[in-house]
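J.: Contents of protein_21.cif (mmCIF, C-alpha atoms):
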data_start
loop_
_atom_site.group_PDB
_atom_site.id
_atom_site.type_symbol
_atom_site.label_atom_id
_atom_site.label_comp_id
_atom_site.auth_asym_id
_atom_site.auth_seq_id
_atom_site.Cartn_x
_atom_site.Cartn_y
_atom_site.Cartn_z
ATOM 1 C CA MET A 1 0.528 4.394 18.024
ATOM 2 C CA CYS A 2 1.203 5.935 14.627
ATOM 3 C CA VAL A 3 0.797 9.541 13.671
ATOM 4 C CA ASP A 4 -0.302 10.195 10.118
ATOM 5 C CA PRO A 5 1.748 12.204 7.660
ATOM 6 C CA ALA A 6 -0.920 12.660 4.988
ATOM 7 C CA SER A 7 0.135 11.607 1.527
ATOM 8 C CA PRO A 8 -1.188 12.994 -1.750
ATOM 9 C CA ALA A 9 -0.628 9.720 -3.588
ATOM 10 C CA GLY A 10 -3.433 7.282 -4.249
ATOM 11 C CA SER A 11 -3.816 3.803 -2.853
ATOM 12 C CA ASP A 12 -0.969 2.038 -4.661
ATOM 13 C CA SER A 13 -0.005 -0.662 -2.196
ATOM 14 C CA GLU A 14 1.108 -3.123 -4.852
ATOM 15 C CA HIS A 15 4.232 -1.255 -6.008
ATOM 16 C CA ILE A 16 7.599 -0.439 -4.488
ATOM 17 C CA ILE A 17 7.457 3.218 -3.504
ATOM 18 C CA PRO A 18 10.764 5.129 -3.649
ATOM 19 C CA PRO A 19 11.415 8.160 -1.426
ATOM 20 C CA PRO A 20 10.969 11.615 -2.981
ATOM 21 C CA PRO A 21 14.022 13.296 -4.566
ATOM 22 C CA GLY A 22 16.515 14.464 -1.964
ATOM 23 C CA ILE A 23 15.119 12.126 0.715
ATOM 24 C CA HIS A 24 17.099 9.078 1.770
ATOM 25 C CA PHE A 25 16.029 6.060 3.832
ATOM 26 C CA ARG A 26 18.308 4.114 6.159
ATOM 27 C CA ALA A 27 18.121 1.996 9.271
ATOM 28 C CA MET A 28 18.507 3.752 12.620
ATOM 29 C CA LYS A 29 21.954 3.561 14.229
ATOM 30 C CA ALA A 30 22.967 4.018 17.863
ATOM 31 C CA ALA A 31 24.301 7.493 17.073
ATOM 32 C CA ASP A 32 20.809 8.528 15.922
ATOM 33 C CA LEU A 33 19.148 7.857 19.280
ATOM 34 C CA PRO A 34 19.161 11.434 20.659
ATOM 35 C CA GLU A 35 17.761 12.932 17.458
ATOM 36 C CA VAL A 36 15.213 10.169 16.947
ATOM 37 C CA ARG A 37 13.980 10.340 20.545
ATOM 38 C CA THR A 38 13.555 14.100 20.237
ATOM 39 C CA LEU A 39 11.591 13.737 17.003
ATOM 40 C CA HIS A 40 9.350 11.060 18.533
ATOM 41 C CA ALA A 41 8.627 13.334 21.497
ATOM 42 C CA ARG A 42 7.814 16.209 19.166
ATOM 43 C CA LEU A 43 5.499 14.324 16.814
ATOM 44 C CA LEU A 44 3.783 11.665 18.941
ATOM 45 C CA PRO A 45 1.456 12.012 21.943
ATOM 46 C CA VAL A 46 3.141 9.053 23.676
ATOM 47 C CA GLN A 47 6.507 9.463 25.399
ATOM 48 C CA TYR A 48 8.550 6.348 24.669
ATOM 49 C CA PRO A 49 11.272 5.270 27.143
ATOM 50 C CA LEU A 50 14.884 4.758 26.156
ATOM 51 C CA THR A 51 14.400 0.993 26.378
ATOM 52 C CA PHE A 52 11.945 1.157 23.462
ATOM 53 C CA PHE A 53 14.612 2.581 21.162
ATOM 54 C CA ILE A 54 17.280 0.192 22.417
ATOM 55 C CA GLN A 55 14.999 -2.726 21.560
ATOM 56 C CA LEU A 56 14.591 -1.322 18.054
ATOM 57 C CA LEU A 57 18.373 -1.437 17.716
ATOM 58 C CA LEU A 58 19.040 -4.803 19.320
ATOM 59 C CA GLN A 59 16.017 -7.018 18.672
ATOM 60 C CA PRO A 60 16.456 -8.815 15.320
ATOM 61 C CA ARG A 61 12.708 -8.733 14.646
ATOM 62 C CA CYS A 62 12.394 -4.995 15.271
ATOM 63 C CA LEU A 63 13.521 -2.132 13.042
ATOM 64 C CA CYS A 64 13.353 1.629 12.782
ATOM 65 C CA VAL A 65 13.861 3.198 9.356
ATOM 66 C CA LEU A 66 14.699 6.881 9.125
ATOM 67 C CA ALA A 67 14.128 9.394 6.365
ATOM 68 C CA THR A 68 16.862 12.005 6.125
ATOM 69 C CA HIS A 69 17.163 15.281 4.278
ATOM 70 C CA GLU A 70 20.526 17.057 4.186
ATOM 71 C CA ASP A 71 21.788 14.698 6.924
ATOM 72 C CA SER A 72 18.927 15.566 9.277
ATOM 73 C CA VAL A 73 16.314 13.039 10.388
ATOM 74 C CA ILE A 74 12.915 14.240 9.197
ATOM 75 C CA ALA A 75 10.771 11.110 9.574
ATOM 76 C CA PHE A 76 10.710 7.626 11.045
ATOM 77 C CA ALA A 77 8.837 4.342 10.906
ATOM 78 C CA SER A 78 9.408 1.566 13.422
ATOM 79 C CA ALA A 79 7.903 -1.891 13.257
ATOM 80 C CA ALA A 80 8.200 -5.470 14.488
ATOM 81 C CA ILE A 81 7.668 -8.719 12.604
ATOM 82 C CA ASP A 82 5.682 -11.533 14.197
ATOM 83 C CA PRO A 83 8.028 -14.525 14.675
ATOM 84 C CA SER A 84 5.210 -17.030 15.150
ATOM 85 C CA HIS A 85 4.049 -19.396 12.459
ATOM 86 C CA GLY A 86 0.949 -21.471 12.094
ATOM 87 C CA THR A 87 -1.174 -19.137 14.198
ATOM 88 C CA ALA A 88 -4.716 -18.177 13.303
ATOM 89 C CA ARG A 89 -4.740 -15.434 10.690
ATOM 90 C CA PRO A 90 -7.446 -13.193 9.294
ATOM 91 C CA GLU A 91 -9.146 -14.541 6.180
ATOM 92 C CA ARG A 92 -7.624 -11.853 3.993
ATOM 93 C CA GLU A 93 -4.121 -12.806 5.152
ATOM 94 C CA ASN A 94 -2.792 -15.746 3.171
ATOM 95 C CA SER A 95 -0.476 -18.380 4.605
ATOM 96 C CA SER A 96 2.610 -17.054 2.815
ATOM 97 C CA SER A 97 2.389 -13.493 4.108
ATOM 98 C CA ALA A 98 4.590 -12.075 6.813
ATOM 99 C CA ARG A 99 2.841 -10.279 9.696
ATOM 100 C CA ILE A 100 4.198 -6.890 10.750
ATOM 101 C CA SER A 101 3.021 -4.424 13.403
ATOM 102 C CA LEU A 102 3.790 -0.757 12.885
ATOM 103 C CA LEU A 103 4.936 0.701 16.190
ATOM 104 C CA THR A 104 5.585 4.367 15.437
ATOM 105 C CA LEU A 105 5.345 6.572 12.355
ATOM 106 C CA GLY A 106 5.937 10.283 12.041
ATOM 107 C CA VAL A 107 6.996 12.951 9.549
ATOM 108 C CA GLN A 108 7.971 16.531 10.306
ATOM 109 C CA PRO A 109 5.105 18.841 9.238
ATOM 110 C CA ILE A 110 7.223 20.737 6.712
ATOM 111 C CA HIS A 111 7.956 17.496 4.854
ATOM 112 C CA ARG A 112 4.445 16.056 4.801
ATOM 113 C CA ARG A 113 2.273 15.513 1.720
ATOM 114 C CA GLN A 114 5.230 14.221 -0.295
ATOM 115 C CA GLY A 115 4.525 10.502 0.102
ATOM 116 C CA ILE A 116 7.315 10.019 2.667
ATOM 117 C CA GLY A 117 5.134 8.291 5.281
ATOM 118 C CA ARG A 118 3.667 5.937 2.700
ATOM 119 C CA ALA A 119 7.109 5.055 1.322
ATOM 120 C CA LEU A 120 8.465 4.511 4.858
ATOM 121 C CA VAL A 121 5.731 1.992 5.667
ATOM 122 C CA HIS A 122 6.636 -0.009 2.571
ATOM 123 C CA ASP A 123 10.363 0.290 3.227
ATOM 124 C CA VAL A 124 10.327 -0.870 6.853
ATOM 125 C CA ALA A 125 8.003 -3.757 5.961
ATOM 126 C CA ARG A 126 10.213 -4.821 3.075
ATOM 127 C CA ARG A 127 13.383 -4.690 5.189
ATOM 128 C CA LEU A 128 11.818 -6.717 7.998
ATOM 129 C CA ARG A 129 10.511 -9.295 5.547
ATOM 130 C CA ALA A 130 13.949 -9.688 3.951
ATOM 131 C CA SER A 131 15.612 -9.976 7.350
ATOM 132 C CA SER A 132 13.091 -12.597 8.457
ATOM 133 C CA CYS A 133 13.647 -14.648 5.290
ATOM 134 C CA ARG A 134 17.416 -14.637 5.873
ATOM 135 C CA HIS A 135 16.941 -15.628 9.520
ATOM 136 C CA GLU A 136 14.666 -18.521 8.629
ATOM 137 C CA SER A 137 16.905 -19.801 5.838
ATOM 138 C CA GLN A 138 19.884 -19.889 8.228
ATOM 139 C CA SER A 139 18.070 -21.626 11.092
ATOM 140 C CA GLU A 140 18.411 -25.383 11.584
ATOM 141 C CA SER A 141 14.714 -26.110 11.288
ATOM 142 C CA GLY A 142 14.586 -23.389 8.653
ATOM 143 C CA SER A 143 11.089 -22.934 7.390
ATOM 144 C CA ALA A 144 11.903 -22.603 3.706
ATOM 145 C CA GLU A 145 8.273 -21.748 3.048
ATOM 146 C CA GLY A 146 8.780 -18.022 3.534
ATOM 147 C CA VAL A 147 11.888 -17.966 1.344
ATOM 148 C CA ARG A 148 10.277 -20.061 -1.366
ATOM 149 C CA HIS A 149 7.203 -17.867 -1.554
ATOM 150 C CA GLY A 150 9.260 -14.713 -1.023
ATOM 151 C CA TYR A 151 6.422 -13.423 1.178
ATOM 152 C CA SER A 152 4.777 -11.840 -1.872
ATOM 153 C CA THR A 153 2.403 -10.097 0.511
ATOM 154 C CA ILE A 154 2.890 -8.627 3.972
ATOM 155 C CA PHE A 155 0.081 -8.296 6.496
ATOM 156 C CA VAL A 156 0.591 -4.931 8.228
ATOM 157 C CA GLN A 157 -1.355 -3.630 11.205
ATOM 158 C CA ALA A 158 -1.213 -0.440 13.268
ATOM 159 C CA GLU A 159 -3.062 1.138 16.176
ATOM 160 C CA VAL A 160 -4.631 4.531 15.564
ATOM 161 C CA ALA A 161 -6.796 6.778 17.709
ATOM 162 C CA HIS A 162 -10.454 7.002 16.697
ATOM 163 C CA SER A 163 -10.120 10.790 16.800
ATOM 164 C CA ASN A 164 -7.200 10.698 14.345
ATOM 165 C CA THR A 165 -9.257 10.976 11.169
ATOM 166 C CA ALA A 166 -6.227 11.995 9.097
ATOM 167 C CA GLY A 167 -4.381 8.913 10.314
ATOM 168 C CA LYS A 168 -7.259 6.581 9.449
ATOM 169 C CA PHE A 169 -7.540 8.174 6.009
ATOM 170 C CA PHE A 170 -3.781 7.719 5.474
ATOM 171 C CA TYR A 171 -3.960 4.020 6.287
ATOM 172 C CA SER A 172 -7.093 3.503 4.202
ATOM 173 C CA ARG A 173 -5.160 4.763 1.173
ATOM 174 C CA LEU A 174 -2.570 2.117 1.929
ATOM 175 C CA GLY A 175 -5.323 -0.495 1.877
ATOM 176 C CA MET A 176 -5.409 -0.791 5.675
ATOM 177 C CA ASP A 177 -8.935 -0.739 7.100
ATOM 178 C CA ALA A 178 -10.315 -0.915 10.628
ATOM 179 C CA GLU A 179 -10.459 -4.465 11.952
ATOM 180 C CA PRO A 180 -13.875 -5.734 13.119
ATOM 181 C CA ARG A 181 -14.409 -5.703 16.890
ATOM 182 C CA SER A 182 -11.279 -3.633 17.497
ATOM 183 C CA GLU A 183 -13.180 -0.926 19.356
ATOM 184 C CA CYS A 184 -12.093 -2.136 22.784
ATOM 185 C CA HIS A 185 -8.439 -1.194 22.412
ATOM 186 C CA MET A 186 -7.445 1.542 24.821
ATOM 187 C CA LEU A 187 -4.228 3.526 24.732
ATOM 188 C CA GLN A 188 -2.960 5.170 27.906
ATOM 189 C CA VAL A 189 -2.151 8.781 26.995
ATOM 190 C CA GLY A 190 -2.924 10.676 30.185
ATOM 191 C CA LEU A 191 -6.644 10.214 29.795
ATOM 192 C CA LYS A 192 -7.725 7.012 28.065
ATOM 193 C CA THR A 193 -7.902 7.454 24.318
ATOM 194 C CA SER A 194 -10.046 5.053 22.318
ATOM 195 C CA THR A 195 -8.126 3.440 19.497
ATOM 196 C CA CYS A 196 -8.729 0.872 16.789
ATOM 197 C CA ILE A 197 -6.579 -1.529 14.818
ATOM 198 C CA VAL A 198 -6.198 -0.912 11.110
ATOM 199 C CA ALA A 199 -4.743 -3.674 8.952
ATOM 200 C CA GLY A 200 -4.268 -4.785 5.396
ATOM 201 C CA LEU A 201 -2.106 -6.671 2.919
ATOM 202 C CA LEU A 202 0.761 -4.845 1.225
ATOM 203 C CA CYS A 203 2.756 -6.143 -1.723
ATOM 204 C CA VAL A 204 6.349 -4.948 -1.468
#
As structure tokens, what does this structure read like?
T.:
Amino acid sequence: MCVDPASPAGSDSEHIIPPPPGIHFRAMKAADLPEVRTLHARLLPVQYPLTFFIQLLLQPRCLCVLATHEDSVIAFASAAIDPSHGTARPERENSSSARISLLTLGVQPIHRRQGIGRALVHDVARRLRASSCRHESQSESGSAEGVRHGYSTIFVQAEVAHSNTAGKFFYSRLGMDAEPRSECHMLQVGLKTSTCIVAGLLCV
């Protein structure tokens, strides 16, 4: 599930988006775990176990990017890249695009409406794409297709609660719209909360 930090910027998914002045992005390290877990618990309605964060650190196809301000973590975006190839893809997703699922996204309220959430989505997707290209180029069977095309586009999807209108608006400005027939997704948050999948192509 992703929580929306509303962004004032327009839908500009075809450009690299830098962080605002004074904000720095970096990959999560083991030393960040206590602070990142606390921030997740504060911003998201789902309580994630320690194993979730360990997987973000250890799994090569997972990543958590942090936004820091004056050495404090103020936002996060975690995601995973789909390792499969040759699977059925939506019509709007071309064959050279990577496929990434956003896992968590959150920005402290005091730092919202600065474009941080939007920039984090682009940053984590770009980092995962680059890591995947390096992995493929070093493998024996090495699908050079992704490296040759450079994955000019990335197919990104996320799960958002139907009641989270701000979240759906945030993703729509990124070019991510609700997927057809995604109404049946249910997220266990105490009571069942109806969710949908939003998805779209980003150029990063």
J.: Show me the residues around (5.0, 6.3, 9.8) - criterion: an atom at most 10 Å away, all atoms listed in the file counted - as an mmCIF file with C-alpha atoms, in the frame of the given file.
T.:
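File written: out_22.cif
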data_model
loop_
_atom_site.group_PDB
_atom_site.id
_atom_site.type_symbol
_atom_site.label_atom_id
_atom_site.label_comp_id
_atom_site.auth_asym_id
_atom_site.auth_seq_id
_atom_site.Cartn_x
_atom_site.Cartn_y
_atom_site.Cartn_z
ATOM 1 C CA MET A 1 0.528 4.394 18.024
ATOM 2 C CA CYS A 2 1.203 5.935 14.627
ATOM 3 C CA VAL A 3 0.797 9.541 13.671
ATOM 4 C CA ASP A 4 -0.302 10.195 10.118
ATOM 5 C CA PRO A 5 1.748 12.204 7.660
ATOM 6 C CA ALA A 6 -0.920 12.660 4.988
ATOM 7 C CA VAL A 65 13.861 3.198 9.356
ATOM 8 C CA LEU A 66 14.699 6.881 9.125
ATOM 9 C CA ALA A 75 10.771 11.110 9.574
ATOM 10 C CA PHE A 76 10.710 7.626 11.045
ATOM 11 C CA ALA A 77 8.837 4.342 10.906
ATOM 12 C CA SER A 78 9.408 1.566 13.422
ATOM 13 C CA ALA A 79 7.903 -1.891 13.257
ATOM 14 C CA LEU A 102 3.790 -0.757 12.885
ATOM 15 C CA LEU A 103 4.936 0.701 16.190
ATOM 16 C CA THR A 104 5.585 4.367 15.437
ATOM 17 C CA LEU A 105 5.345 6.572 12.355
ATOM 18 C CA GLY A 106 5.937 10.283 12.041
ATOM 19 C CA VAL A 107 6.996 12.951 9.549
ATOM 20 C CA ILE A 116 7.315 10.019 2.667
ATOM 21 C CA GLY A 117 5.134 8.291 5.281
ATOM 22 C CA ARG A 118 3.667 5.937 2.700
ATOM 23 C CA ALA A 119 7.109 5.055 1.322
ATOM 24 C CA LEU A 120 8.465 4.511 4.858
ATOM 25 C CA VAL A 121 5.731 1.992 5.667
ATOM 26 C CA HIS A 122 6.636 -0.009 2.571
ATOM 27 C CA VAL A 124 10.327 -0.870 6.853
ATOM 28 C CA ALA A 158 -1.213 -0.440 13.268
ATOM 29 C CA GLY A 167 -4.381 8.913 10.314
ATOM 30 C CA PHE A 170 -3.781 7.719 5.474
ATOM 31 C CA TYR A 171 -3.960 4.020 6.287
#
J.: Give me, please, the distance in Å between CA of Arg37 in chain A and CA of Phe155 in chain A, quoted to one decimal.
T.: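 Interatomic distance, CA of Arg37 in chain A to CA of Phe155 in chain A: 27.2 Å.
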J.: If the PyMOL selection byres ((chain A and resi 49) around 12) were run on this exact file, what residues would it hold? Put them as a PyMOL selection string.
T.: chain A and resi 33-34+36-38+40-41+46-48+50-56
J.: Which residues would end up in the selection if the PyMOL selection byres ((chain A and resi 175) around 8) were applied here, given that I need the answer as JSON, numbers by chain?
T.: {"A": [11, 13, 171, 172, 173, 174, 176, 177, 199, 200, 201, 202]}
J.: Take the residues that were just selected and, keeping C-alpha atoms, output them as a PDB file, in the frame of the given file.
T.:
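To be explicit, this is the file written out as result29.pdb:
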ATOM      1  CA  SER A  11      -3.816   3.803  -2.853  1.00  0.00           C
ATOM      2  CA  SER A  13      -0.005  -0.662  -2.196  1.00  0.00           C
ATOM      3  CA  TYR A 171      -3.960   4.020   6.287  1.00  0.00           C
ATOM      4  CA  SER A 172      -7.093   3.503   4.202  1.00  0.00           C
ATOM      5  CA  ARG A 173      -5.160   4.763   1.173  1.00  0.00           C
ATOM      6  CA  LEU A 174      -2.570   2.117   1.929  1.00  0.00           C
ATOM      7  CA  MET A 176      -5.409  -0.791   5.675  1.00  0.00           C
ATOM      8  CA  ASP A 177      -8.935  -0.739   7.100  1.00  0.00           C
ATOM      9  CA  ALA A 199      -4.743  -3.674   8.952  1.00  0.00           C
ATOM     10  CA  GLY A 200      -4.268  -4.785   5.396  1.00  0.00           C
ATOM     11  CA  LEU A 201      -2.106  -6.671   2.919  1.00  0.00           C
ATOM     12  CA  LEU A 202       0.761  -4.845   1.225  1.00  0.00           C
TER      13      LEU A 202
END
J.: If you apply the PyMOL selection byres ((chain A and resi 179) around 6) to this file, what residues do you get, as a ChimeraX atom specification?
T.: /A:178,180,182,197-198
J.: Which distance in Å separates CA of Arg61 in chain A and CA of Val204 in chain A, to one decimal?
T.: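 Distance reported for this atom pair: 17.7 Å.
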J.: Taking all atoms listed in the file into account, which of A:Ala67, A:Ile100, A:Ala161, A:Cys62 comes nearest Pro21 in chain A?
T.: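 Checking each of A:Ala67, A:Ile100, A:Ala161, A:Cys62 against Pro21 in chain A, counting all atoms listed in the file, the winner is A:Ala67.
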J.: In Å, how far is it from CA of Arg26 in chain A to CA of Thr165 in chain A?
T.: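 It comes out at 28.8 Å.
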J.: Find the axis-aligned box for range 19-35 of chain A, covering all its listed atoms and adding 6 Å on each side, and write its centre and edge lengths in Å to one decimal as JSON.
T.:
{"center_x": 17.6, "center_y": 8.2, "center_z": 8.0, "size_x": 25.3, "size_y": 24.5, "size_z": 37.2}
